[in-house]
Amino acid sequence: MTKMMVICTGDAGTRFDRDYYANEHLPLARACWGEHGLQSAEAFFPYAEGGNWISIGVYTFSSEQGVHDALASPKTRQVMDDVKNFTDSTVVLRSLFREF
């Protein structure tokens, strides 16, 4: 399995709709990427005094190739176009982690 972590960053003035992200965006990602082995999508909202991480999305795929295939898919445009509906964060970090 491979996990893709997507981290949105910002400050106190950055708009982020947690409900929309968890209830609309994650199901959209599952619908668009399920055929590429997306097994689950989870949302985490960290808090650290002075921290700038707003959200952490953890997308679990059956393989690393599935992540690459999903990101290369035309359906990824739907996922990316949806981001404006829940945040105005301009910084998004993406990392892959393999489970052994």
# chains A, B, ... in the order shown; residues from 1 in each chain; ligands from 1
call {"tool": "residues_around", "arguments": {"residues": "Thr2 of chain A", "least_positions_apart": "3", "cutoff": "6 Å", "atoms": "only C-alpha atoms", "output": "short mmCIF file (atom, residue, chain, number, x, y, z; two decimals) with N, CA, C and O atoms, in the first residue's frame"}}
result
data_model
loop_
_atom_site.label_atom_id
_atom_site.label_comp_id
_atom_site.auth_asym_id
_atom_site.auth_seq_id
_atom_site.Cartn_x
_atom_site.Cartn_y
_atom_site.Cartn_z
N THR A 60 -5.11 6.49 0.71
CA THR A 60 -4.43 5.19 0.69
C THR A 60 -4.76 4.47 -0.61
O THR A 60 -5.93 4.21 -0.90
N PHE A 61 -3.72 4.15 -1.36
CA PHE A 61 -3.83 3.43 -2.62
C PHE A 61 -3.25 2.03 -2.47
O PHE A 61 -2.37 1.80 -1.63
N SER A 63 -1.28 0.67 -4.52
CA SER A 63 0.10 0.64 -5.01
C SER A 63 0.58 2.06 -5.33
O SER A 63 -0.23 2.97 -5.53
N GLU A 64 1.88 2.22 -5.41
CA GLU A 64 2.43 3.52 -5.79
C GLU A 64 2.07 3.85 -7.24
O GLU A 64 1.78 5.00 -7.57
N PHE A 97 4.16 7.83 0.87
CA PHE A 97 4.74 6.95 1.87
C PHE A 97 4.31 5.53 1.56
O PHE A 97 3.13 5.28 1.35
N ARG A 98 5.24 4.62 1.56
CA ARG A 98 4.93 3.20 1.33
C ARG A 98 4.85 2.48 2.66
O ARG A 98 5.65 2.74 3.55
#
call {"tool": "residues_around", "arguments": {"residues": "segment 12-19 of chain A", "least_positions_apart": "6", "cutoff": "6 Å", "atoms": "only C-alpha atoms", "output": "list in words"}}
result
Phe86, Thr87 and Asp88 of chain A
call {"tool": "residues_around", "arguments": {"residues": "Asp69 of chain A", "least_positions_apart": "5", "cutoff": "12 Å", "atoms": "only C-alpha atoms", "output": "PyMOL selection string"}}
result
chain A and resi 32-38+61-64+74-76
call {"tool": "atom_distance", "arguments": {"atom1": "atom CA of Val58 of chain A", "atom2": "atom CA of Tyr20 of chain A"}}
result
15.9 Å
call {"tool": "residues_around", "arguments": {"residues": "Asp82 of chain A", "least_positions_apart": "3", "cutoff": "10 Å", "atoms": "only C-alpha atoms", "output": "ChimeraX atom specification"}}
result
/A:21,24-25,28-29,76-79,85-87
call {"tool": "write_last_selection", "arguments": {"atoms": "C-alpha atoms", "output": "PDB file, in the first residue's frame"}}
result
ATOM      1  CA  TYR A  21     -13.571  18.846   2.615  1.00  0.00           C
ATOM      2  CA  GLU A  24     -17.807  16.445  -0.414  1.00  0.00           C
ATOM      3  CA  HIS A  25     -14.176  16.570  -1.535  1.00  0.00           C
ATOM      4  CA  LEU A  28     -15.228  13.079  -5.012  1.00  0.00           C
ATOM      5  CA  ALA A  29     -11.620  11.886  -4.811  1.00  0.00           C
ATOM      6  CA  THR A  76      -7.973  14.489 -11.543  1.00  0.00           C
ATOM      7  CA  ARG A  77      -9.050  17.822 -13.065  1.00  0.00           C
ATOM      8  CA  GLN A  78     -12.407  17.401 -11.237  1.00  0.00           C
ATOM      9  CA  VAL A  79     -10.613  16.858  -7.939  1.00  0.00           C
ATOM     10  CA  ASN A  85     -14.876  25.153  -2.983  1.00  0.00           C
ATOM     11  CA  PHE A  86     -13.292  24.534   0.427  1.00  0.00           C
ATOM     12  CA  THR A  87     -10.102  26.611   0.676  1.00  0.00           C
TER      13      THR A  87
END
call {"tool": "atom_distance", "arguments": {"atom1": "atom CA of Met5 of chain A", "atom2": "atom CA of Leu96 of chain A"}}
result
6.4 Å
call {"tool": "select_by_dssp", "arguments": {"residues": "chain A", "states": "strand (DSSP E or B)", "output": "VMD selection string"}}
result
chain A and resid 2 to 9 16 38 to 44 53 to 61 87 91 to 98
call {"tool": "write_last_selection", "arguments": {"atoms": "N, CA and C atoms", "output": "mmCIF file, in the first residue's frame"}}
result
data_model
loop_
_atom_site.group_PDB
_atom_site.id
_atom_site.type_symbol
_atom_site.label_atom_id
_atom_site.label_comp_id
_atom_site.auth_asym_id
_atom_site.auth_seq_id
_atom_site.Cartn_x
_atom_site.Cartn_y
_atom_site.Cartn_z
ATOM 1 N N THR A 2 0.353 2.292 -0.599
ATOM 2 C CA THR A 2 1.037 3.586 -0.618
ATOM 3 C C THR A 2 0.058 4.655 -0.174
ATOM 4 N N LYS A 3 0.540 5.519 0.690
ATOM 5 C CA LYS A 3 -0.279 6.632 1.162
ATOM 6 C C LYS A 3 0.238 7.926 0.531
ATOM 7 N N MET A 4 -0.696 8.719 0.031
ATOM 8 C CA MET A 4 -0.379 10.049 -0.446
ATOM 9 C C MET A 4 -0.941 11.026 0.580
ATOM 10 N N MET A 5 -0.073 11.851 1.122
ATOM 11 C CA MET A 5 -0.506 12.874 2.067
ATOM 12 C C MET A 5 -0.537 14.210 1.347
ATOM 13 N N VAL A 6 -1.653 14.917 1.490
ATOM 14 C CA VAL A 6 -1.822 16.238 0.899
ATOM 15 C C VAL A 6 -2.043 17.209 2.052
ATOM 16 N N ILE A 7 -1.153 18.183 2.175
ATOM 17 C CA ILE A 7 -1.191 19.113 3.295
ATOM 18 C C ILE A 7 -1.476 20.520 2.779
ATOM 19 N N CYS A 8 -2.529 21.132 3.294
ATOM 20 C CA CYS A 8 -2.834 22.525 2.984
ATOM 21 C C CYS A 8 -2.288 23.372 4.124
ATOM 22 N N THR A 9 -1.625 24.464 3.755
ATOM 23 C CA THR A 9 -1.073 25.354 4.760
ATOM 24 C C THR A 9 -1.663 26.749 4.616
ATOM 25 N N PHE A 16 -10.904 27.717 5.103
ATOM 26 C CA PHE A 16 -10.900 26.267 4.936
ATOM 27 C C PHE A 16 -12.185 25.724 5.539
ATOM 28 N N LEU A 38 -7.549 3.595 -5.219
ATOM 29 C CA LEU A 38 -7.747 4.346 -3.980
ATOM 30 C C LEU A 38 -8.642 3.528 -3.062
ATOM 31 N N GLN A 39 -8.122 3.206 -1.892
ATOM 32 C CA GLN A 39 -8.860 2.375 -0.943
ATOM 33 C C GLN A 39 -9.559 3.181 0.142
ATOM 34 N N SER A 40 -8.960 4.304 0.532
ATOM 35 C CA SER A 40 -9.589 5.141 1.551
ATOM 36 C C SER A 40 -9.055 6.564 1.459
ATOM 37 N N ALA A 41 -9.833 7.489 2.011
ATOM 38 C CA ALA A 41 -9.436 8.893 2.075
ATOM 39 C C ALA A 41 -9.852 9.403 3.452
ATOM 40 N N GLU A 42 -8.907 10.016 4.159
ATOM 41 C CA GLU A 42 -9.148 10.474 5.522
ATOM 42 C C GLU A 42 -8.743 11.933 5.655
ATOM 43 N N ALA A 43 -9.411 12.639 6.575
ATOM 44 C CA ALA A 43 -9.110 14.047 6.826
ATOM 45 C C ALA A 43 -8.664 14.229 8.269
ATOM 46 N N PHE A 44 -7.605 14.996 8.442
ATOM 47 C CA PHE A 44 -7.092 15.338 9.767
ATOM 48 C C PHE A 44 -6.870 16.842 9.810
ATOM 49 N N TRP A 53 -0.137 24.385 9.379
ATOM 50 C CA TRP A 53 -0.828 23.300 8.683
ATOM 51 C C TRP A 53 -2.313 23.410 8.995
ATOM 52 N N ILE A 54 -3.133 23.480 7.935
ATOM 53 C CA ILE A 54 -4.578 23.605 8.095
ATOM 54 C C ILE A 54 -5.251 22.236 8.028
ATOM 55 N N SER A 55 -4.810 21.417 7.089
ATOM 56 C CA SER A 55 -5.420 20.100 6.925
ATOM 57 C C SER A 55 -4.386 19.108 6.413
ATOM 58 N N ILE A 56 -4.661 17.847 6.717
ATOM 59 C CA ILE A 56 -3.866 16.750 6.175
ATOM 60 C C ILE A 56 -4.857 15.739 5.615
ATOM 61 N N GLY A 57 -4.768 15.495 4.322
ATOM 62 C CA GLY A 57 -5.572 14.464 3.690
ATOM 63 C C GLY A 57 -4.677 13.250 3.458
ATOM 64 N N VAL A 58 -5.158 12.082 3.870
ATOM 65 C CA VAL A 58 -4.391 10.851 3.683
ATOM 66 C C VAL A 58 -5.195 9.955 2.745
ATOM 67 N N TYR A 59 -4.611 9.720 1.580
ATOM 68 C CA TYR A 59 -5.247 8.920 0.534
ATOM 69 C C TYR A 59 -4.463 7.620 0.416
ATOM 70 N N THR A 60 -5.107 6.493 0.706
ATOM 71 C CA THR A 60 -4.435 5.194 0.691
ATOM 72 C C THR A 60 -4.762 4.465 -0.606
ATOM 73 N N PHE A 61 -3.719 4.149 -1.357
ATOM 74 C CA PHE A 61 -3.831 3.432 -2.622
ATOM 75 C C PHE A 61 -3.251 2.032 -2.468
ATOM 76 N N THR A 87 -11.221 25.844 0.134
ATOM 77 C CA THR A 87 -10.102 26.611 0.676
ATOM 78 C C THR A 87 -9.558 27.608 -0.333
ATOM 79 N N VAL A 91 -0.830 27.036 -0.875
ATOM 80 C CA VAL A 91 0.296 26.134 -0.695
ATOM 81 C C VAL A 91 -0.229 24.749 -0.358
ATOM 82 N N VAL A 92 0.064 23.809 -1.214
ATOM 83 C CA VAL A 92 -0.311 22.422 -0.978
ATOM 84 C C VAL A 92 0.939 21.577 -1.142
ATOM 85 N N LEU A 93 1.233 20.780 -0.129
ATOM 86 C CA LEU A 93 2.378 19.886 -0.166
ATOM 87 C C LEU A 93 1.872 18.465 -0.380
ATOM 88 N N ARG A 94 2.562 17.700 -1.198
ATOM 89 C CA ARG A 94 2.151 16.323 -1.465
ATOM 90 C C ARG A 94 3.352 15.402 -1.267
ATOM 91 N N SER A 95 3.150 14.312 -0.507
ATOM 92 C CA SER A 95 4.215 13.341 -0.254
ATOM 93 C C SER A 95 3.647 11.940 -0.346
ATOM 94 N N LEU A 96 4.487 10.990 -0.746
ATOM 95 C CA LEU A 96 4.105 9.577 -0.806
ATOM 96 C C LEU A 96 4.856 8.807 0.264
ATOM 97 N N PHE A 97 4.158 7.834 0.868
ATOM 98 C CA PHE A 97 4.741 6.952 1.867
ATOM 99 C C PHE A 97 4.310 5.527 1.564
ATOM 100 N N ARG A 98 5.245 4.618 1.558
ATOM 101 C CA ARG A 98 4.929 3.200 1.327
ATOM 102 C C ARG A 98 4.852 2.484 2.660
#
